[in-house]
file query.cif (mmCIF, C-alpha atoms and all ligand atoms)
data_run
#
loop_
_atom_site.group_PDB
_atom_site.id
_atom_site.type_symbol
_atom_site.label_atom_id
_atom_site.label_comp_id
_atom_site.auth_asym_id
_atom_site.auth_seq_id
_atom_site.Cartn_x
_atom_site.Cartn_y
_atom_site.Cartn_z
ATOM 1 C CA MET A 1 -19.835 -11.583 47.987
ATOM 2 C CA GLU A 2 -19.118 -15.255 48.129
ATOM 3 C CA ALA A 3 -22.517 -16.010 49.710
ATOM 4 C CA ALA A 4 -24.245 -13.850 47.100
ATOM 5 C CA PHE A 5 -22.885 -15.941 44.243
ATOM 6 C CA VAL A 6 -22.457 -19.410 45.670
ATOM 7 C CA ASN A 7 -26.101 -19.679 46.760
ATOM 8 C CA PHE A 8 -27.687 -18.592 43.495
ATOM 9 C CA LEU A 9 -25.367 -20.002 40.880
ATOM 10 C CA GLU A 10 -24.992 -23.595 39.820
ATOM 11 C CA PRO A 11 -22.309 -24.871 37.457
ATOM 12 C CA GLY A 12 -23.135 -23.906 33.883
ATOM 13 C CA ASP A 13 -25.338 -20.911 34.809
ATOM 14 C CA THR A 14 -24.704 -17.597 33.087
ATOM 15 C CA VAL A 15 -23.968 -14.431 35.034
ATOM 16 C CA ILE A 16 -23.418 -10.887 33.777
ATOM 17 C CA VAL A 17 -20.906 -8.839 35.760
ATOM 18 C CA GLY A 18 -20.014 -5.175 35.390
ATOM 19 C CA VAL A 19 -16.245 -4.816 35.710
ATOM 20 C CA ASN A 20 -14.713 -1.342 36.044
ATOM 21 C CA GLY A 21 -12.485 -1.866 39.052
ATOM 22 C CA LEU A 22 -10.980 -4.340 41.475
ATOM 23 C CA PHE A 23 -14.224 -5.297 43.176
ATOM 24 C CA GLY A 24 -16.075 -5.944 39.920
ATOM 25 C CA GLU A 25 -13.050 -8.029 38.975
ATOM 26 C CA ARG A 26 -13.397 -9.928 42.237
ATOM 27 C CA MET A 27 -17.098 -10.606 41.589
ATOM 28 C CA SER A 28 -16.205 -12.009 38.199
ATOM 29 C CA ASP A 29 -13.572 -14.234 39.851
ATOM 30 C CA VAL A 30 -15.966 -15.475 42.544
ATOM 31 C CA ALA A 31 -18.700 -16.202 39.974
ATOM 32 C CA SER A 32 -16.358 -18.132 37.698
ATOM 33 C CA ARG A 33 -15.178 -20.234 40.661
ATOM 34 C CA CYS A 34 -18.830 -21.273 41.065
ATOM 35 C CA GLY A 35 -18.532 -22.849 37.620
ATOM 36 C CA ALA A 36 -20.677 -20.152 36.016
ATOM 37 C CA LYS A 37 -20.239 -18.717 32.554
ATOM 38 C CA VAL A 38 -19.286 -15.099 33.209
ATOM 39 C CA ILE A 39 -20.227 -12.391 30.707
ATOM 40 C CA ARG A 40 -18.147 -9.358 31.606
ATOM 41 C CA VAL A 41 -19.396 -5.886 30.759
ATOM 42 C CA GLU A 42 -16.153 -3.973 30.934
ATOM 43 C CA GLY A 43 -15.874 -0.330 31.793
ATOM 44 C CA GLN A 44 -12.863 1.917 32.015
ATOM 45 C CA TRP A 45 -11.467 2.167 35.558
ATOM 46 C CA GLY A 46 -12.634 5.441 37.115
ATOM 47 C CA ARG A 47 -15.684 5.646 34.885
ATOM 48 C CA ILE A 48 -19.123 4.209 35.504
ATOM 49 C CA ILE A 49 -20.542 1.362 33.475
ATOM 50 C CA GLU A 50 -23.291 2.753 31.289
ATOM 51 C CA PRO A 51 -26.528 1.136 32.531
ATOM 52 C CA GLU A 52 -27.493 0.745 28.871
ATOM 53 C CA GLY A 53 -24.489 -1.572 28.389
ATOM 54 C CA MET A 54 -25.655 -3.845 31.203
ATOM 55 C CA ILE A 55 -29.191 -3.873 29.789
ATOM 56 C CA GLN A 56 -27.898 -4.793 26.344
ATOM 57 C CA ALA A 57 -25.910 -7.652 27.871
ATOM 58 C CA ILE A 58 -29.078 -8.949 29.558
ATOM 59 C CA GLN A 59 -30.985 -8.694 26.276
ATOM 60 C CA GLY A 60 -28.205 -10.518 24.473
ATOM 61 C CA ASN A 61 -28.040 -13.293 27.090
ATOM 62 C CA PRO A 62 -31.636 -13.999 28.065
ATOM 63 C CA GLU A 63 -30.608 -17.192 29.874
ATOM 64 C CA ALA A 64 -28.505 -15.190 32.396
ATOM 65 C CA LYS A 65 -29.488 -15.907 35.981
ATOM 66 C CA ILE A 66 -27.818 -12.946 37.686
ATOM 67 C CA CYS A 67 -26.796 -9.451 36.694
ATOM 68 C CA ALA A 68 -24.222 -8.052 39.146
ATOM 69 C CA ILE A 69 -22.709 -4.638 39.705
ATOM 70 C CA VAL A 70 -20.755 -2.680 42.350
ATOM 71 C CA HIS A 71 -22.488 0.420 43.753
ATOM 72 C CA ALA A 72 -19.410 2.133 45.189
ATOM 73 C CA GLU A 73 -16.223 0.953 43.432
ATOM 74 C CA THR A 74 -13.728 1.564 46.206
ATOM 75 C CA SER A 75 -10.763 0.875 43.949
ATOM 76 C CA THR A 76 -11.576 3.828 41.680
ATOM 77 C CA GLY A 77 -13.998 6.110 43.543
ATOM 78 C CA SER A 78 -16.820 5.841 41.026
ATOM 79 C CA HIS A 79 -20.465 5.939 42.085
ATOM 80 C CA GLN A 80 -22.460 3.614 39.868
ATOM 81 C CA PRO A 81 -26.045 4.526 38.914
ATOM 82 C CA PHE A 82 -28.156 1.408 38.499
ATOM 83 C CA GLU A 83 -31.847 2.158 39.018
ATOM 84 C CA GLU A 84 -32.529 1.642 35.302
ATOM 85 C CA ILE A 85 -30.906 -1.785 35.461
ATOM 86 C CA GLY A 86 -32.982 -2.676 38.533
ATOM 87 C CA SER A 87 -36.208 -1.601 36.820
ATOM 88 C CA PHE A 88 -35.258 -3.598 33.759
ATOM 89 C CA CYS A 89 -34.585 -6.760 35.796
ATOM 90 C CA ARG A 90 -37.613 -6.458 38.083
ATOM 91 C CA PRO A 91 -40.281 -8.034 35.818
ATOM 92 C CA LYS A 92 -37.839 -10.629 34.478
ATOM 93 C CA GLU A 93 -36.549 -13.851 35.974
ATOM 94 C CA ILE A 94 -33.009 -12.545 36.239
ATOM 95 C CA LEU A 95 -31.765 -11.596 39.724
ATOM 96 C CA PHE A 96 -30.157 -8.201 40.222
ATOM 97 C CA LEU A 97 -27.169 -8.316 42.562
ATOM 98 C CA VAL A 98 -25.469 -5.213 43.979
ATOM 99 C CA ASP A 99 -22.319 -4.849 46.117
ATOM 100 C CA THR A 100 -22.975 -2.055 48.634
ATOM 101 C CA VAL A 101 -19.953 -2.644 50.865
ATOM 102 C CA THR A 102 -18.689 0.933 50.743
ATOM 103 C CA SER A 103 -21.971 2.730 50.083
ATOM 104 C CA LEU A 104 -24.192 1.435 52.914
ATOM 105 C CA GLY A 105 -24.351 4.017 55.698
ATOM 106 C CA GLY A 106 -22.615 6.709 53.637
ATOM 107 C CA CYS A 107 -25.129 7.357 50.873
ATOM 108 C CA ASP A 108 -28.584 6.234 49.925
ATOM 109 C CA VAL A 109 -29.068 2.510 49.313
ATOM 110 C CA ARG A 110 -32.723 1.676 48.578
ATOM 111 C CA VAL A 111 -32.643 -2.048 48.135
ATOM 112 C CA ASP A 112 -36.331 -2.688 47.341
ATOM 113 C CA ASP A 113 -37.116 0.605 45.606
ATOM 114 C CA TRP A 114 -34.182 0.081 43.269
ATOM 115 C CA GLY A 115 -35.103 -3.493 42.437
ATOM 116 C CA ILE A 116 -32.150 -5.234 44.065
ATOM 117 C CA ASP A 117 -32.644 -8.948 44.686
ATOM 118 C CA ILE A 118 -29.334 -9.790 46.304
ATOM 119 C CA CYS A 119 -27.492 -7.127 48.267
ATOM 120 C CA TYR A 120 -24.533 -7.503 50.582
ATOM 121 C CA SER A 121 -22.407 -5.062 52.514
ATOM 122 C CA GLY A 122 -19.697 -4.951 55.170
ATOM 123 C CA THR A 123 -19.622 -3.511 58.660
ATOM 124 C CA GLN A 124 -16.200 -1.911 58.463
ATOM 125 C CA LYS A 125 -16.752 0.900 55.973
ATOM 126 C CA CYS A 126 -19.488 3.535 56.353
ATOM 127 C CA LEU A 127 -21.320 1.593 59.042
ATOM 128 C CA SER A 128 -18.161 2.107 61.142
ATOM 129 C CA ALA A 129 -18.638 -1.048 63.167
ATOM 130 C CA PRO A 130 -15.889 -3.633 63.709
ATOM 131 C CA PRO A 131 -14.916 -5.660 60.635
ATOM 132 C CA GLY A 132 -15.996 -9.254 60.301
ATOM 133 C CA LEU A 133 -19.718 -9.246 59.534
ATOM 134 C CA SER A 134 -21.402 -9.017 56.159
ATOM 135 C CA PRO A 135 -25.042 -7.995 56.164
ATOM 136 C CA ILE A 136 -26.881 -9.598 53.256
ATOM 137 C CA THR A 137 -30.478 -9.332 52.098
ATOM 138 C CA ILE A 138 -32.371 -11.400 49.537
ATOM 139 C CA SER A 139 -35.679 -10.590 47.828
ATOM 140 C CA ARG A 140 -38.586 -13.010 47.666
ATOM 141 C CA LYS A 141 -37.738 -13.651 44.032
ATOM 142 C CA GLY A 142 -34.194 -14.486 45.107
ATOM 143 C CA MET A 143 -35.373 -16.864 47.821
ATOM 144 C CA GLU A 144 -37.517 -18.675 45.237
ATOM 145 C CA VAL A 145 -34.451 -19.178 43.072
ATOM 146 C CA LEU A 146 -32.526 -20.413 46.105
ATOM 147 C CA HIS A 147 -35.272 -22.879 47.014
ATOM 148 C CA SER A 148 -35.509 -24.248 43.499
ATOM 149 C CA ARG A 149 -31.835 -25.190 43.227
ATOM 150 C CA LYS A 150 -31.124 -28.540 41.663
ATOM 151 C CA LYS A 151 -27.977 -29.154 43.680
ATOM 152 C CA GLN A 152 -26.985 -28.402 47.266
ATOM 153 C CA VAL A 153 -25.102 -25.165 47.815
ATOM 154 C CA GLN A 154 -21.431 -26.007 47.393
ATOM 155 C CA SER A 155 -20.362 -24.077 50.531
ATOM 156 C CA TRP A 156 -21.532 -25.507 53.843
ATOM 157 C CA TYR A 157 -20.691 -22.419 55.884
ATOM 158 C CA LEU A 158 -22.390 -19.928 53.563
ATOM 159 C CA ASP A 159 -25.391 -22.119 52.695
ATOM 160 C CA LEU A 160 -28.346 -19.747 53.038
ATOM 161 C CA THR A 161 -30.868 -22.596 52.984
ATOM 162 C CA MET A 162 -29.356 -23.701 56.310
ATOM 163 C CA ILE A 163 -28.718 -20.200 57.628
ATOM 164 C CA GLU A 164 -32.358 -19.365 56.868
ATOM 165 C CA ARG A 165 -33.450 -21.986 59.414
ATOM 166 C CA TYR A 166 -30.986 -20.651 61.981
ATOM 167 C CA TRP A 167 -32.097 -17.029 61.419
ATOM 168 C CA GLY A 168 -35.812 -17.957 61.302
ATOM 169 C CA GLU A 169 -38.327 -19.003 63.955
ATOM 170 C CA GLU A 170 -36.855 -22.453 64.255
ATOM 171 C CA ARG A 171 -33.398 -21.242 65.408
ATOM 172 C CA PHE A 172 -32.028 -24.487 64.036
ATOM 173 C CA TYR A 173 -28.340 -24.602 64.989
ATOM 174 C CA HIS A 174 -25.940 -23.922 62.133
ATOM 175 C CA HIS A 175 -22.848 -22.243 63.558
ATOM 176 C CA THR A 176 -21.910 -20.335 66.687
ATOM 177 C CA ALA A 177 -22.893 -16.752 66.080
ATOM 178 C CA PRO A 178 -20.216 -14.131 66.822
ATOM 179 C CA ILE A 179 -22.433 -12.299 69.290
ATOM 180 C CA SER A 180 -19.832 -9.727 70.321
ATOM 181 C CA MET A 181 -19.651 -8.664 66.665
ATOM 182 C CA LEU A 182 -23.428 -8.406 66.523
ATOM 183 C CA TYR A 183 -23.456 -6.148 69.592
ATOM 184 C CA GLY A 184 -20.814 -4.014 67.905
ATOM 185 C CA LEU A 185 -22.934 -3.727 64.768
ATOM 186 C CA ARG A 186 -26.038 -2.947 66.816
ATOM 187 C CA GLU A 187 -24.254 -0.084 68.553
ATOM 188 C CA GLY A 188 -22.917 1.155 65.203
ATOM 189 C CA LEU A 189 -26.456 1.198 63.821
ATOM 190 C CA ARG A 190 -27.791 3.022 66.902
ATOM 191 C CA ILE A 191 -25.213 5.747 66.314
ATOM 192 C CA ILE A 192 -26.315 6.001 62.675
ATOM 193 C CA PHE A 193 -29.982 6.379 63.575
ATOM 194 C CA GLU A 194 -29.163 8.942 66.275
ATOM 195 C CA GLU A 195 -27.480 11.054 63.628
ATOM 196 C CA GLY A 196 -30.228 10.400 61.078
ATOM 197 C CA LEU A 197 -29.661 8.954 57.641
ATOM 198 C CA GLU A 198 -30.158 12.139 55.632
ATOM 199 C CA THR A 199 -27.846 14.139 57.936
ATOM 200 C CA ARG A 200 -25.255 11.428 57.650
ATOM 201 C CA PHE A 201 -25.450 11.298 53.856
ATOM 202 C CA GLN A 202 -25.226 15.086 53.732
ATOM 203 C CA ARG A 203 -22.136 15.037 55.973
ATOM 204 C CA HIS A 204 -20.451 12.606 53.587
ATOM 205 C CA ARG A 205 -21.379 14.757 50.588
ATOM 206 C CA THR A 206 -20.263 18.053 52.127
ATOM 207 C CA LEU A 207 -16.974 16.763 53.491
ATOM 208 C CA GLY A 208 -16.282 14.622 50.435
ATOM 209 C CA ASP A 209 -16.638 17.754 48.286
ATOM 210 C CA ARG A 210 -14.463 19.777 50.663
ATOM 211 C CA LEU A 211 -11.679 17.198 50.597
ATOM 212 C CA LYS A 212 -11.736 17.041 46.811
ATOM 213 C CA MET A 213 -11.619 20.825 46.543
ATOM 214 C CA ASP A 214 -8.731 21.108 49.028
ATOM 215 C CA LEU A 215 -6.778 18.388 47.219
ATOM 216 C CA GLU A 216 -7.265 20.116 43.877
ATOM 217 C CA LYS A 217 -5.849 23.323 45.379
ATOM 218 C CA LEU A 218 -2.723 21.367 46.295
ATOM 219 C CA GLY A 219 -2.282 20.164 42.715
ATOM 220 C CA PHE A 220 -3.998 16.797 42.924
ATOM 221 C CA LYS A 221 -6.291 15.894 40.022
ATOM 222 C CA LEU A 222 -9.536 14.044 40.526
ATOM 223 C CA PHE A 223 -9.511 10.583 38.992
ATOM 224 C CA ALA A 224 -13.135 9.430 38.983
ATOM 225 C CA GLN A 225 -15.589 10.547 36.330
ATOM 226 C CA GLU A 226 -17.166 13.926 36.967
ATOM 227 C CA GLY A 227 -20.744 13.690 38.155
ATOM 228 C CA TYR A 228 -20.201 10.161 39.451
ATOM 229 C CA ARG A 229 -17.721 10.650 42.282
ATOM 230 C CA LEU A 230 -18.181 8.888 45.570
ATOM 231 C CA PRO A 231 -18.565 11.109 48.627
ATOM 232 C CA MET A 232 -16.840 8.619 50.956
ATOM 233 C CA LEU A 233 -13.871 7.813 48.759
ATOM 234 C CA SER A 234 -11.874 10.372 46.832
ATOM 235 C CA SER A 235 -9.504 9.084 44.197
ATOM 236 C CA VAL A 236 -6.800 11.422 42.945
ATOM 237 C CA TYR A 237 -3.754 11.524 40.719
ATOM 238 C CA PHE A 238 -0.964 12.881 42.870
ATOM 239 C CA PRO A 239 1.071 15.861 41.618
ATOM 240 C CA ARG A 240 4.328 15.467 39.721
ATOM 241 C CA GLY A 241 7.277 15.212 42.076
ATOM 242 C CA VAL A 242 5.379 13.231 44.693
ATOM 243 C CA GLU A 243 6.693 9.739 45.138
ATOM 244 C CA ASP A 244 3.826 7.372 45.834
ATOM 245 C CA LEU A 245 5.178 5.011 48.488
ATOM 246 C CA PRO A 246 7.568 7.324 50.355
ATOM 247 C CA ALA A 247 4.912 10.034 50.633
ATOM 248 C CA ARG A 248 2.269 7.631 51.914
ATOM 249 C CA LYS A 249 4.790 6.112 54.334
ATOM 250 C CA ARG A 250 5.526 9.551 55.739
ATOM 251 C CA LEU A 251 1.821 10.280 56.136
ATOM 252 C CA LEU A 252 1.431 7.051 58.053
ATOM 253 C CA ASN A 253 4.563 7.149 60.185
ATOM 254 C CA GLU A 254 4.783 10.848 60.937
ATOM 255 C CA TYR A 255 1.159 11.919 60.875
ATOM 256 C CA ASN A 256 -0.724 8.732 61.643
ATOM 257 C CA ILE A 257 -2.786 9.036 58.468
ATOM 258 C CA GLU A 258 -3.245 6.078 56.189
ATOM 259 C CA VAL A 259 -3.956 6.854 52.571
ATOM 260 C CA GLY A 260 -4.774 4.005 50.189
ATOM 261 C CA GLY A 261 -2.656 3.476 47.115
ATOM 262 C CA GLY A 262 -3.929 2.536 43.695
ATOM 263 C CA LEU A 263 -4.944 -1.078 43.190
ATOM 264 C CA GLY A 264 -4.664 -3.240 40.095
ATOM 265 C CA GLN A 265 -4.160 -1.291 36.891
ATOM 266 C CA VAL A 266 -3.959 2.100 38.678
ATOM 267 C CA ARG A 267 -1.341 0.937 41.158
ATOM 268 C CA GLY A 268 1.279 3.662 41.583
ATOM 269 C CA LYS A 269 -0.910 6.127 39.701
ATOM 270 C CA ILE A 270 -3.571 7.248 42.148
ATOM 271 C CA TRP A 271 -4.294 7.660 45.840
ATOM 272 C CA ARG A 272 -7.570 6.733 47.455
ATOM 273 C CA ILE A 273 -8.644 8.717 50.459
ATOM 274 C CA GLY A 274 -11.536 7.485 52.528
ATOM 275 C CA LEU A 275 -13.943 9.539 54.593
ATOM 276 C CA MET A 276 -16.145 6.740 55.798
ATOM 277 C CA GLY A 277 -18.592 6.934 58.684
ATOM 278 C CA GLU A 278 -16.786 7.978 61.864
ATOM 279 C CA THR A 279 -13.661 9.040 59.992
ATOM 280 C CA CYS A 280 -15.660 11.467 57.848
ATOM 281 C CA GLN A 281 -14.833 14.540 59.935
ATOM 282 C CA ASP A 282 -13.653 18.026 59.246
ATOM 283 C CA GLN A 283 -10.642 17.709 61.537
ATOM 284 C CA ASN A 284 -9.421 14.665 59.616
ATOM 285 C CA ILE A 285 -9.472 16.673 56.400
ATOM 286 C CA ALA A 286 -7.643 19.558 58.088
ATOM 287 C CA CYS A 287 -5.071 17.133 59.458
ATOM 288 C CA LEU A 288 -4.432 15.499 56.079
ATOM 289 C CA ILE A 289 -4.255 18.772 54.171
ATOM 290 C CA GLY A 290 -1.875 20.218 56.786
ATOM 291 C CA ALA A 291 0.348 17.163 56.560
ATOM 292 C CA LEU A 292 0.355 17.290 52.766
ATOM 293 C CA GLN A 293 1.338 20.966 52.822
ATOM 294 C CA GLU A 294 4.380 20.038 54.889
ATOM 295 C CA ILE A 295 5.263 17.022 52.778
ATOM 296 C CA LEU A 296 4.795 18.696 49.400
ATOM 297 C CA VAL A 297 7.178 21.661 49.984
HETATM 298 C C1 LIG A 301 -14.017 -3.298 50.877
HETATM 299 C C2 LIG A 301 -14.865 -3.840 49.756
HETATM 300 C C3 LIG A 301 -15.096 -5.200 49.588
HETATM 301 C C4 LIG A 301 -14.409 -6.248 50.390
HETATM 302 O O1 LIG A 301 -14.574 -6.154 51.735
HETATM 303 P P1 LIG A 301 -13.628 -7.086 52.630
HETATM 304 O O2 LIG A 301 -14.332 -7.098 53.925
HETATM 305 O O3 LIG A 301 -12.291 -6.441 52.651
HETATM 306 O O4 LIG A 301 -13.592 -8.424 51.983
HETATM 307 C C5 LIG A 301 -15.935 -5.621 48.578
HETATM 308 N N1 LIG A 301 -16.512 -4.745 47.744
HETATM 309 C C6 LIG A 301 -16.291 -3.429 47.852
HETATM 310 C C7 LIG A 301 -16.945 -2.495 46.892
HETATM 311 C C8 LIG A 301 -15.460 -2.939 48.857
HETATM 312 O O5 LIG A 301 -15.220 -1.631 48.962
#
call {"tool": "encode", "arguments": {"input": "query.cif", "output": "structure tokens", "more": "lines below"}}
Ligand SMILES: *Cc1c(COP(=O)(O)O)cnc(C)c1O
result
Amino acid sequence: MEAAFVNFLEPGDTVIVGVNGLFGERMSDVASRCGAKVIRVEGQWGRIIEPEGMIQAIQGNPEAKICAIVHAETSTGSHQPFEEIGSFCRPKEILFLVDTVTSLGGCDVRVDDWGIDICYSGTQKCLSAPPGLSPITISRKGMEVLHSRKKQVQSWYLDLTMIERYWGEERFYHHTAPISMLYGLREGLRIIFEEGLETRFQRHRTLGDRLKMDLEKLGFKLFAQEGYRLPMLSSVYFPRGVEDLPARKRLLNEYNIEVGGGLGQVRGKIWRIGLMGETCQDQNIACLIGALQEILV
């Protein structure tokens, strides 16, 4: 996220950010630390940002250099549609930036088809590789913007103009690569291709739906907007009578299951249950539902 903003923004640039959860909030924070003027397109937590709203913001701020949005808002469980925004940005100078940290490897992410110029992810969510690496990809249009910067990139470590030379033919030394992490990622990706992308996405959809259905039967209410719920992260209001922290502590200590609490403005109001990559398995759902049945009596 930091690399995605720090390389393309210079002080005084304008950036449009969709904010409907913690990670959109974080993007807005990172962009403003780059000295950019941040135009926030706010959405209600748990709901998507209407693509039309982002497009209007671009029309109203034609000088904007980047339009940024989160694909899978892990803090709320909402699955953001954005193809329209990508198509709108494609013929224009503006760069379209998408956070795919939670979506990559769990549902379709078509970077080029969907007109994304700057796309980053993480290894620790649906790719199910060790944490610590952040895959990032930049379109040609994005690289042109990078190469036409007036000032040096403020961050030495994340400077893509230097990393480009290290990654490219030249192999010009920049930093010591964490090769054990790269082997871990490579193995994670081999496992994904063995399973097949479509099978993997289907597994996340089927089990995500099953978990949501089972939770509803126990009295939980789904938090994220209907029709736009993430398969790999289910967000739910817990039933009356359940105490947030004590219940989650019991799940962790007695059943070895970690359930995420609400973050930011939904802290203490919702739970977030992940079924990401390797952890997206039927037996994990059975285990959680069984534990909840014991806890909720
Ligand atoms: C988890 C997550 C991040 C942050 O990843 P870290 O590796 O914890 O910094 C960013 N964006 C989204 C949407 C995420 O789910």
call {"tool": "closest_residue", "arguments": {"input": "query.cif", "among": "A:Pro11, A:Pro131, A:Gly290, A:Gly196", "to": "Asp214 (chain A)", "atoms": "only C-alpha atoms"}}
result
A:Gly290
call {"tool": "residues_near_ligand", "arguments": {"input": "query.cif", "ligand": "ligand LIG 301 (chain A)", "cutoff": "6 Å", "atoms": "all atoms listed in the file", "output": "PyMOL selection string"}}
result
chain A and resi 23+70+72-74+99+101-102+122
call {"tool": "closest_residue", "arguments": {"input": "query.cif", "among": "A:Ile16, A:Met1, A:Gly260, A:Ile66", "to": "Cys119 (chain A)", "atoms": "only C-alpha atoms"}}
result
A:Met1
call {"tool": "residues_around", "arguments": {"input": "query.cif", "residues": "Val30 (chain A)", "least_positions_apart": "3", "cutoff": "9 Å", "atoms": "only C-alpha atoms", "output": "VMD selection string"}}
result
chain A and resid 1 to 2 5 to 6 25 to 27 33 to 34
call {"tool": "write_last_selection", "arguments": {"input": "query.cif", "atoms": "C-alpha atoms", "output": "mmCIF file, in the frame of the given file"}}
result
data_model
loop_
_atom_site.group_PDB
_atom_site.id
_atom_site.type_symbol
_atom_site.label_atom_id
_atom_site.label_comp_id
_atom_site.auth_asym_id
_atom_site.auth_seq_id
_atom_site.Cartn_x
_atom_site.Cartn_y
_atom_site.Cartn_z
ATOM 1 C CA MET A 1 -19.835 -11.583 47.987
ATOM 2 C CA GLU A 2 -19.118 -15.255 48.129
ATOM 3 C CA PHE A 5 -22.885 -15.941 44.243
ATOM 4 C CA VAL A 6 -22.457 -19.410 45.670
ATOM 5 C CA GLU A 25 -13.050 -8.029 38.975
ATOM 6 C CA ARG A 26 -13.397 -9.928 42.237
ATOM 7 C CA MET A 27 -17.098 -10.606 41.589
ATOM 8 C CA ARG A 33 -15.178 -20.234 40.661
ATOM 9 C CA CYS A 34 -18.830 -21.273 41.065
#
call {"tool": "residues_around", "arguments": {"input": "query.cif", "residues": "Leu127 (chain A)", "least_positions_apart": "6", "cutoff": "10 Å", "atoms": "all atoms listed in the file", "output": "PyMOL selection string"}}
result
chain A and resi 101-106+121+185+188-189+191-192+276-278
call {"tool": "resolve_selection", "arguments": {"input": "query.cif", "expression": "the PyMOL selection byres (((chain A and resi 57-63) around 8) and not hetatm)", "output": "list in words"}}
result
Thr14, Ile16, Ile39, Val41, Gly53, Met54, Ile55, Gln56, Ala64, Lys65 and Cys67 of chain A
call {"tool": "residues_near_point", "arguments": {"input": "query.cif", "point": "(4.6, 11.1, 55.6)", "cutoff": "12 Å", "atoms": "all atoms listed in the file", "output": "list in words"}}
result
Val242, Glu243, Asp244, Leu245, Pro246, Ala247, Arg248, Lys249, Arg250, Leu251, Leu252, Asn253, Glu254, Tyr255, Asn256, Ile257, Glu258, Val259, Leu288, Ile289, Gly290, Ala291, Leu292, Gln293, Glu294, Ile295 and Leu296 of chain A
call {"tool": "write_last_selection", "arguments": {"input": "query.cif", "atoms": "C-alpha atoms", "output": "short mmCIF file (atom, residue, chain, number, x, y, z; two decimals), in the coordinates of the input"}}
result
data_model
loop_
_atom_site.label_atom_id
_atom_site.label_comp_id
_atom_site.auth_asym_id
_atom_site.auth_seq_id
_atom_site.Cartn_x
_atom_site.Cartn_y
_atom_site.Cartn_z
CA VAL A 242 5.38 13.23 44.69
CA GLU A 243 6.69 9.74 45.14
CA ASP A 244 3.83 7.37 45.83
CA LEU A 245 5.18 5.01 48.49
CA PRO A 246 7.57 7.32 50.36
CA ALA A 247 4.91 10.03 50.63
CA ARG A 248 2.27 7.63 51.91
CA LYS A 249 4.79 6.11 54.33
CA ARG A 250 5.53 9.55 55.74
CA LEU A 251 1.82 10.28 56.14
CA LEU A 252 1.43 7.05 58.05
CA ASN A 253 4.56 7.15 60.18
CA GLU A 254 4.78 10.85 60.94
CA TYR A 255 1.16 11.92 60.88
CA ASN A 256 -0.72 8.73 61.64
CA ILE A 257 -2.79 9.04 58.47
CA GLU A 258 -3.24 6.08 56.19
CA VAL A 259 -3.96 6.85 52.57
CA LEU A 288 -4.43 15.50 56.08
CA ILE A 289 -4.26 18.77 54.17
CA GLY A 290 -1.88 20.22 56.79
CA ALA A 291 0.35 17.16 56.56
CA LEU A 292 0.36 17.29 52.77
CA GLN A 293 1.34 20.97 52.82
CA GLU A 294 4.38 20.04 54.89
CA ILE A 295 5.26 17.02 52.78
CA LEU A 296 4.80 18.70 49.40
#
call {"tool": "residues_around", "arguments": {"input": "query.cif", "residues": "region 156-173 of chain A", "least_positions_apart": "6", "cutoff": "10 Å", "atoms": "all atoms listed in the file", "output": "VMD selection string"}}
result
chain A and resid 2 to 4 6 to 8 138 143 146 to 147
call {"tool": "write_last_selection", "arguments": {"input": "query.cif", "atoms": "C-alpha atoms", "output": "tab-separated table (two decimals), keeping the file's coordinate frame"}}
result
chain	number	residue	atom	x	y	z
A	2	GLU	CA	-19.12	-15.26	48.13
A	3	ALA	CA	-22.52	-16.01	49.71
A	4	ALA	CA	-24.24	-13.85	47.10
A	6	VAL	CA	-22.46	-19.41	45.67
A	7	ASN	CA	-26.10	-19.68	46.76
A	8	PHE	CA	-27.69	-18.59	43.50
A	138	ILE	CA	-32.37	-11.40	49.54
A	143	MET	CA	-35.37	-16.86	47.82
A	146	LEU	CA	-32.53	-20.41	46.10
A	147	HIS	CA	-35.27	-22.88	47.01
